[in-house]
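Everything below concerns the one structure shown next.
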Amino acid sequence: MSAMNWIYVLDDAALLEGHMTPTYPLGVNVVLARVGGVVYAVSGKCVHMACPLFTGKLNGYTITCPCHDWRFDVRTGKFLDAPELSLAVYPTKSEAGKVFVNLN
């Protein structure tokens with residue numbers, strides 16, 4: 001991956017452990033979640049009816065959609081009840097106190 005593919009999304013200190021936040025790099029809806037000190041990035045829309053996942057709940061590695069309780073693993077994007085369905089997952093990195101996402 002080229003350095004040009006990394007997009008700044010927020011300051012590292014702004015995302016606390018066990019929390020998630022919406023971001024919109026290049027207009028793409030992405031939810032960031034920090035679990036176990038690692039920042040994960042997944043699509044911000046549920047695959048079921050495009051509900052905004054950032055308004056759901058984060059419990060460990062699981063995001064629960066606020067609309068119909070669909071549960072996704074933030075590490076893989078997989079829907080826990082039917083793993084053939086999944087959210088897009090994006091690589092992240094922290095550098096110089098900033099979090100970056102790669103949309104490619």
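Each chain in the structure tokens gets a letter, A, B, ..., in the order shown, and its residues are numbered from 1; ligands are numbered from 1 in order too.
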
Point to revise | Close residues, Val28 in chain A itself excluded, 9 Å, only C-alpha atoms, min 5 positions apart in chain, as a VMD selection string | key: chain A and resid 23 43 to 44 103

Writer output for current selection, N, CA and C atoms, as a compact mmCIF listing (two decimals), in the first residue's frame:
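Saved file again-v4.txt follows:
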# COMPACT_ATOMS: atom_id res chain seq x y z
N THR A 23 -16.75 8.15 11.28
CA THR A 23 -15.84 9.00 10.50
C THR A 23 -16.28 8.92 9.04
N SER A 43 -17.39 -0.72 7.81
CA SER A 43 -18.44 0.08 7.20
C SER A 43 -19.38 0.59 8.28
N GLY A 44 -19.82 1.82 8.15
CA GLY A 44 -20.69 2.42 9.15
C GLY A 44 -22.15 2.12 8.97
N LEU A 103 -8.77 3.00 2.55
CA LEU A 103 -10.04 2.59 1.93
C LEU A 103 -9.86 1.60 0.79

Review point. Within 7 Å of Phe100 in chain A, counting only C-alpha atoms, which residues qualify if same-chain residues fewer than 5 places away don't, as a PyMOL selection string?
Key: chain A and resi 6-9+92-94

Selection above as a file: C-alpha atoms, as an mmCIF file, in the first residue's frame:
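Once written, part_39.cif looks like this:
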data_model
loop_
_atom_site.group_PDB
_atom_site.id
_atom_site.type_symbol
_atom_site.label_atom_id
_atom_site.label_comp_id
_atom_site.auth_asym_id
_atom_site.auth_seq_id
_atom_site.Cartn_x
_atom_site.Cartn_y
_atom_site.Cartn_z
ATOM 1 C CA TRP A 6 -3.808 6.407 4.108
ATOM 2 C CA ILE A 7 -6.399 8.999 5.102
ATOM 3 C CA TYR A 8 -6.333 10.847 8.431
ATOM 4 C CA VAL A 9 -9.617 10.349 10.320
ATOM 5 C CA THR A 92 -5.992 1.284 10.217
ATOM 6 C CA LYS A 93 -2.744 2.630 11.595
ATOM 7 C CA SER A 94 -1.770 5.080 14.305
#

**Study point:** Nearest residue to Val39 in chain A from the set A:Glu17, A:Asp73, A:Glu95, A:Glu84 (distances using only C-alpha atoms)
**Key:**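 Between A:Glu17, A:Asp73, A:Glu95, A:Glu84, the residue approaching Val39 in chain A most closely is A:Glu17.
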
Practice item. May I have all residues of chain A that DSSP, computed from the backbone, assigns to strand (DSSP E), given as a count of residues only? Key: 42

Check your understanding: Nearest to His68 in chain A among A:Asn102, A:Ala33, A:Thr21, A:Cys46, with distances taken over only C-alpha atoms: which residue is it?
Key ->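 Using only C-alpha atoms, His68 in chain A sits closest to A:Cys46.
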
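Shortest atom-to-atom contact with Val38 in chain A among A:Leu15, A:Arg71, A:Ser86, A:Gly77: A:Leu15, counting only C-alpha atoms.
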
Point to revise | Selected residue, from A:Val74, A:Ala13, A:Leu80, A:Ala96, that lies nearest to Ala41 in chain A when counting only C-alpha atoms | key: A:Val74

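Of the listed residues (A:Gly97, A:Thr64, A:Asp11, A:Met49), A:Thr64 comes nearest to Asp81 in chain A; the distances count only C-alpha atoms.
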
Review point. Closest to Gly37 in chain A among A:Cys51, A:Pro66, A:Pro22, A:Tyr61, using only C-alpha atoms?
Key: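 Among A:Cys51, A:Pro66, A:Pro22, A:Tyr61, it is A:Tyr61 that comes nearest to Gly37 in chain A.
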
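A straight line drawn from CA of His19 in chain A to CA of Asn5 in chain A is 25.2 Å long.
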
Practice item. Name the residues of chain A that fall into helix (DSSP H, G or I) according to DSSP on the backbone, using the chain letters and numbers of this document, as a list in words. Key: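 DSSP on the backbone gives helix (DSSP H, G or I) at Ala3, Met4, Asn5, Asp12, Ala13, Ala14, Pro25, Leu26, Gly27, Leu53, Phe54 and Thr55 of chain A.
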
Mind writing the picked residues with N, CA and C atoms as a JSON list (two decimals), in the first residue's frame?
[["chain", "number", "residue", "atom", "x", "y", "z"],
["A", 3, "ALA", "N", 1.72, 5.17, 0.67],
["A", 3, "ALA", "CA", 1.41, 6.12, 1.74],
["A", 3, "ALA", "C", 0.25, 7.03, 1.35],
["A", 4, "MET", "N", 0.05, 7.22, 0.05],
["A", 4, "MET", "CA", -1.01, 8.10, -0.42],
["A", 4, "MET", "C", -2.40, 7.52, -0.17],
["A", 5, "ASN", "N", -2.51, 6.23, 0.13],
["A", 5, "ASN", "CA", -3.80, 5.60, 0.37],
["A", 5, "ASN", "C", -4.29, 5.80, 1.80],
["A", 12, "ASP", "N", -5.67, 10.14, 17.74],
["A", 12, "ASP", "CA", -5.69, 8.86, 18.44],
["A", 12, "ASP", "C", -6.32, 8.97, 19.82],
["A", 13, "ALA", "N", -6.04, 10.04, 20.54],
["A", 13, "ALA", "CA", -6.56, 10.21, 21.91],
["A", 13, "ALA", "C", -8.07, 10.43, 21.94],
["A", 14, "ALA", "N", -8.69, 10.75, 20.81],
["A", 14, "ALA", "CA", -10.12, 11.03, 20.77],
["A", 14, "ALA", "C", -10.98, 9.78, 20.84],
["A", 25, "PRO", "N", -14.06, 9.38, 5.89],
["A", 25, "PRO", "CA", -12.92, 9.65, 5.00],
["A", 25, "PRO", "C", -13.37, 9.61, 3.54],
["A", 26, "LEU", "N", -13.08, 10.67, 2.83],
["A", 26, "LEU", "CA", -13.47, 10.82, 1.42],
["A", 26, "LEU", "C", -14.96, 10.56, 1.21],
["A", 27, "GLY", "N", -15.78, 10.86, 2.24],
["A", 27, "GLY", "CA", -17.22, 10.69, 2.15],
["A", 27, "GLY", "C", -17.71, 9.27, 2.40],
["A", 53, "LEU", "N", -24.41, 2.23, 12.29],
["A", 53, "LEU", "CA", -23.87, 1.36, 13.34],
["A", 53, "LEU", "C", -23.29, 2.13, 14.52],
["A", 54, "PHE", "N", -22.83, 3.35, 14.31],
["A", 54, "PHE", "CA", -22.22, 4.09, 15.43],
["A", 54, "PHE", "C", -23.23, 4.39, 16.53],
["A", 55, "THR", "N", -24.53, 4.31, 16.23],
["A", 55, "THR", "CA", -25.55, 4.52, 17.26],
["A", 55, "THR", "C", -25.92, 3.22, 17.98]]

Practice item. Find the distance between CA of Lys78 in chain A and CA of Val47 in chain A and write it in Å to one decimal. Key: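 According to the coordinates, CA of Lys78 in chain A and CA of Val47 in chain A are separated by 10.3 Å.
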
Practice item. With a distance cut-off of 8 Å and only C-alpha atoms, select the neighbouring residues of Gly60 in chain A, excluding the residue or stretch itself and same-chain residues fewer than 2 positions from it, and output the selection as a ChimeraX atom specification. Key: /A:18,35,58,62

Please, could you write that set of residues out with C-alpha atoms as a compact mmCIF listing (two decimals), in the first residue's frame?
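Saved file selection-v3.txt follows:
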# COMPACT_ATOMS: atom_id res chain seq x y z
CA GLY A 18 -14.37 0.29 24.38
CA VAL A 35 -10.93 -2.78 21.55
CA LEU A 58 -20.06 -2.07 21.26
CA THR A 62 -19.13 -7.08 18.76

Practice item. Work out how far apart CA of Cys65 in chain A and CA of Pro52 in chain A are and give it in Å to one decimal. Key: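 A separation of 7.5 Å between them.
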